[in-house]
Every structure is written in C-alpha cells, then in structure tokens.
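Data first, discussion second: the structure below is written as structure tokens.
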Amino acid sequence: MAEARRIDGKAVAAQIVERVKAETARLKREADVVPGLAVLIVGEDPASQVYVGSKAKMAAECGFRSEKFTLPADTSEATLLDRIAALNADPAIHGILVQLPLPKQIDEAKVIEAIDANKDVDGFHLVNVGRLSTGARGAGFVPCTPAGSMLLIRSILGDDLSGKTAVVVGRSNIVGKPMAQLLLAANATVTIAHSRTRDLAGVCRGADILVAAVGRPEMITGDFVKDGAVVIDVGINRIAAPEKGEGKTRLVGDVAYASAAQKAAAITPVPGGVGPMTIAMLMANTLVSACRAAGLEPPRF
Ligand code: GUN
C-alpha cells in the first residue's frame, strides 16, 4: 500500500472555527445575543490547566463571552454545585463545562447531572446521553471529541457509512461509547473493543474505520490495521523523548503512526488530528446553545 493520506484536523478545525466566528457575528447583529461559555476547573493538574486555558482562549477568539473559574483543589462538592446553580440561572451563559477528572471529594456524576442539560455543551448529562442514543439529537449536545472525530471520518468517507465496519477501541463515557453511537447513527456496523477483548488485533483488523481511544501510547500498530482502513487516533499521551535531550517529552497518540500509515488509507496525526477538533466542536456546541436560547435555527456542523 502507498503511504496513507494524513487527515489534517488542524485545517478542518480552523474551518469550523471560522464558521463559528461568522455565525457569532450574525447572532450578535440580528438578535443582540453573545454566546457565553463558562469553564470550571478544580485543582492545578498542569495538563488540565492547559486544556482549559485553550478552551477559554478560543471562546474569546470566537467573539464569545468567556469565563474561566479556577477553584482550589480542596473545593467542596457543595461549593462547586452552588457555582453551577448560579451559572444555570445566568441567562448570559449558554455553555457550562466542568473539566474532568475532579478531585476525589467530589462526585463527578452528581456534578454532571447538576448542569442544566440545555447548557451541557460537553454532552455528558444523562439527558444528552439519552438523546444521542435514541437519535433525538436535535435538542441535545454530542460530546466534543467524538463529534469532531466523526466530522473527520465524514470528510473522508461521506455521511453514509452503510456496509462499513467500525471498531472503537475504548469504552469511556467521554469518547468510546458516544463515538460508537455516532457511527451507528451513520449506519456503520459497530464493535466496541477494550482491554478485555480477546484477540484485539484481530478484531481491529476487521475494521474499515478504526477509532483508538485507549490512553496507551502507540499501542495500535500496523498489525491492528486493515489495508485501506480509516484510522482515527483520539489518544494524547506525553512520553519521555530522550532523543530531544534530557528530561524532554513529546506527544504521541494511541496509534503507532508510522507503522499504521503503511496500511491505512487515511489516518489522523497526533498532534494536529482529533485534538484541535475537540475545541472547535466545543465552540460549535456553545454557538448552537446560544442560537437555541434566542429561538433561532442553529447552524449545522
Ligand atoms: N477531560 C478530558 N476530556 C474532557 C472533555 O472533553 N471535557 C471535559 N469537561 N473534561 C475532559
């Protein structure tokens, strides 16, 4: 096989962000509404701080009202729930995102359910999970990473995946399960595989579409990839890079890019693949929420 096509998530994400900016300007002009996004983080985990900082910065670039709340690591559950209740009641806020994971003293499920489902731009609330799995997506929100991954798949294979087999490796609520629902909704035949799957490589080799969301650096090698498959790498792992100098690190995905690219027809790189799409879809979800709140037909992404 020839070397795979590299799917440029950065470029696709930039196009989405441009559309969000244009639609945000139109919403302001026509309805005098400015989308508002509140991002909350509890504690100082450096990777989470970087993600949250990028989300808040991109929201401001899109022309949104962007509010970032950094709460100390020992914040109580009650304090966080109070803050969420205030944001639920604030008509200037259309999207609320609580960065996960949360410290141990806080019940994550309780926090997610406390967010108004109509402001849950992460798509984690049970109501939005239910809307996605029943196909009632019109009113809900789809989690950003799977939504962005799906746009990349559609950019290669089109909207209808009838007759295609898809394997999602990973069964998290944030990526694996919603990803499987989206592929199913697009008519793919879907398998969810995970660490307990027997002959994982063999299962993956059956996939026309292979989505890796396991959180294990470069675990999915070329041996897992069918000739001509579309490979989507959701992993972001920081590993030691002694070749760059002592103490240096680099980012790699869950897929061993070089070997997988020998087999795949198209593959996302890390960085520059799914990562930028996640933030772009968060902006899209926030804009959609603001349009709904204003009683206007939201754009489709
Ligand atoms: N932690 C890792 N990914 C995500 C995400 O998409 N949203 C939130 N809120 N937390 C995360």
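Every chain in the structure tokens takes a letter, A first, then B, and so on in the order presented; its residues are numbered from 1, and the ligands are numbered from 1 following the presented order.
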
Original post:
What's the 7 Å shell around stretch 220-224 of chain A, counting only C-alpha atoms, without same-chain residues fewer than 5 positions away, as a list in words?
Top reply: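 What passes the distance filter is Ala201, Gly202, Cys204, Arg205, Asp254, Val255, Ala256, Ser259, Ala260, Gln262 and Lys263 of chain A.
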
**OP:** Give as an MDAnalysis selection string the residues surrounding ligand 1 up to a distance of 6 Å, considering only C-alpha atoms and all ligand atoms.
**Re:** chainID A and resid 97:100 122

Could you take the residues named above and write them with N, CA, C and O atoms, as a PDB file, in the first residue's frame?
ATOM      1  N   LEU A  97     -18.954  24.068  31.235  1.00  0.00           N
ATOM      2  CA  LEU A  97     -18.068  22.908  31.122  1.00  0.00           C
ATOM      3  C   LEU A  97     -17.270  22.781  32.409  1.00  0.00           C
ATOM      4  O   LEU A  97     -16.631  23.735  32.837  1.00  0.00           O
ATOM      5  N   VAL A  98     -17.360  21.625  33.043  1.00  0.00           N
ATOM      6  CA  VAL A  98     -16.536  21.338  34.219  1.00  0.00           C
ATOM      7  C   VAL A  98     -15.455  20.363  33.771  1.00  0.00           C
ATOM      8  O   VAL A  98     -15.765  19.245  33.327  1.00  0.00           O
ATOM      9  N   GLN A  99     -14.205  20.785  33.835  1.00  0.00           N
ATOM     10  CA  GLN A  99     -13.116  19.925  33.360  1.00  0.00           C
ATOM     11  C   GLN A  99     -12.991  18.691  34.243  1.00  0.00           C
ATOM     12  O   GLN A  99     -12.979  18.786  35.473  1.00  0.00           O
ATOM     13  N   LEU A 100     -12.907  17.537  33.616  1.00  0.00           N
ATOM     14  CA  LEU A 100     -12.716  16.262  34.307  1.00  0.00           C
ATOM     15  C   LEU A 100     -11.261  15.815  34.134  1.00  0.00           C
ATOM     16  O   LEU A 100     -10.635  16.203  33.157  1.00  0.00           O
ATOM     17  N   ASP A 122     -20.669  19.890  26.852  1.00  0.00           N
ATOM     18  CA  ASP A 122     -19.830  18.685  26.811  1.00  0.00           C
ATOM     19  C   ASP A 122     -20.642  17.454  26.393  1.00  0.00           C
ATOM     20  O   ASP A 122     -20.065  16.427  26.028  1.00  0.00           O
TER      21      ASP A 122
END

Original post:
Any idea what's packed within 6 Å of stretch 285-291 of chain A, counting only C-alpha atoms, ignoring anything in its chain fewer than 6 positions away? Could you give it as a list in words?
Top reply: Pro35, His94, Gly95, Val121 and Pro298 of chain A

Original post:
Which is closest to A:Pro91 among A:Ala109, A:Val34, A:Leu251, A:Ala258, if we use only C-alpha atoms?
Top reply: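 Checking each of A:Ala109, A:Val34, A:Leu251, A:Ala258 against A:Pro91, counting only C-alpha atoms, the winner is A:Val34.
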
**OP:** Just the residues within 8 Å of A:Gly176, please, counting only C-alpha atoms, with nothing from its chain fewer than 4 positions along; format it as a list in words.
**Re:**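 Counting only the stated atoms, we get Pro146, Val168, Val169, Gly170, Arg171, Ser172, Ala180, Ile192 and Ala213 of chain A.
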
Original post:
From the list A:Val111, A:Val274, A:Ala139, A:Leu27, which residue is nearest A:Leu151 when using only C-alpha atoms?
Top reply: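 The shortest atom-to-atom distance to A:Leu151 comes from A:Val274.
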
**OP:** Write down as an NGL selection string the residues belonging to stretch 87-225 of chain A that are assigned alpha helix (DSSP H) by DSSP computed on the backbone.
**Re:** :A and (87-89 or 108-114 or 126-134 or 144-157 or 176-185 or 200-204)

**OP:** Identify, on the basis of only C-alpha atoms, every residue whose closest approach to A:Ser162 does not exceed 12 Å; exclude the query and any residue fewer than 5 positions from it along the same chain; express the result as a ChimeraX atom specification.
**Re:** /A:157,183-190,208-209

**OP:** Write down as a list in words the residues belonging to stretch 50-200 of chain A that are assigned strand (DSSP E) by DSSP computed on the backbone.
**Re:** Arg65, Ser66, Glu67, Lys68, Phe69, Thr70, Leu71, Gly95, Ile96, Leu97, Val98, Thr165, Ala166, Val167, Val168, Val169, Thr189, Val190, Thr191, Ile192 and Ala193 of chain A

Take the residues from that selection and put them in a file with C-alpha atoms, as a PDB file, in the first residue's frame.
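Saved the output as selection_9.pdb:
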ATOM      1  CA  ARG A  65     -18.187  35.935  26.464  1.00  0.00           C
ATOM      2  CA  SER A  66     -15.663  33.598  28.086  1.00  0.00           C
ATOM      3  CA  GLU A  67     -15.484  32.987  31.826  1.00  0.00           C
ATOM      4  CA  LYS A  68     -12.896  30.750  33.430  1.00  0.00           C
ATOM      5  CA  PHE A  69     -13.246  29.702  37.079  1.00  0.00           C
ATOM      6  CA  THR A  70     -10.248  28.104  38.759  1.00  0.00           C
ATOM      7  CA  LEU A  71     -11.233  26.612  42.110  1.00  0.00           C
ATOM      8  CA  GLY A  95     -22.480  26.652  27.877  1.00  0.00           C
ATOM      9  CA  ILE A  96     -21.080  25.211  31.124  1.00  0.00           C
ATOM     10  CA  LEU A  97     -18.068  22.908  31.122  1.00  0.00           C
ATOM     11  CA  VAL A  98     -16.536  21.338  34.219  1.00  0.00           C
ATOM     12  CA  THR A 165     -17.464  -1.964   9.782  1.00  0.00           C
ATOM     13  CA  ALA A 166     -16.225   0.287  12.578  1.00  0.00           C
ATOM     14  CA  VAL A 167     -14.244  -0.745  15.643  1.00  0.00           C
ATOM     15  CA  VAL A 168     -13.944   1.658  18.571  1.00  0.00           C
ATOM     16  CA  VAL A 169     -11.195   0.673  20.991  1.00  0.00           C
ATOM     17  CA  THR A 189     -21.729  -1.863  11.812  1.00  0.00           C
ATOM     18  CA  VAL A 190     -20.084  -1.113  15.141  1.00  0.00           C
ATOM     19  CA  THR A 191     -17.956  -3.078  17.594  1.00  0.00           C
ATOM     20  CA  ILE A 192     -16.760  -1.615  20.895  1.00  0.00           C
ATOM     21  CA  ALA A 193     -13.497  -3.315  21.873  1.00  0.00           C
TER      22      ALA A 193
END
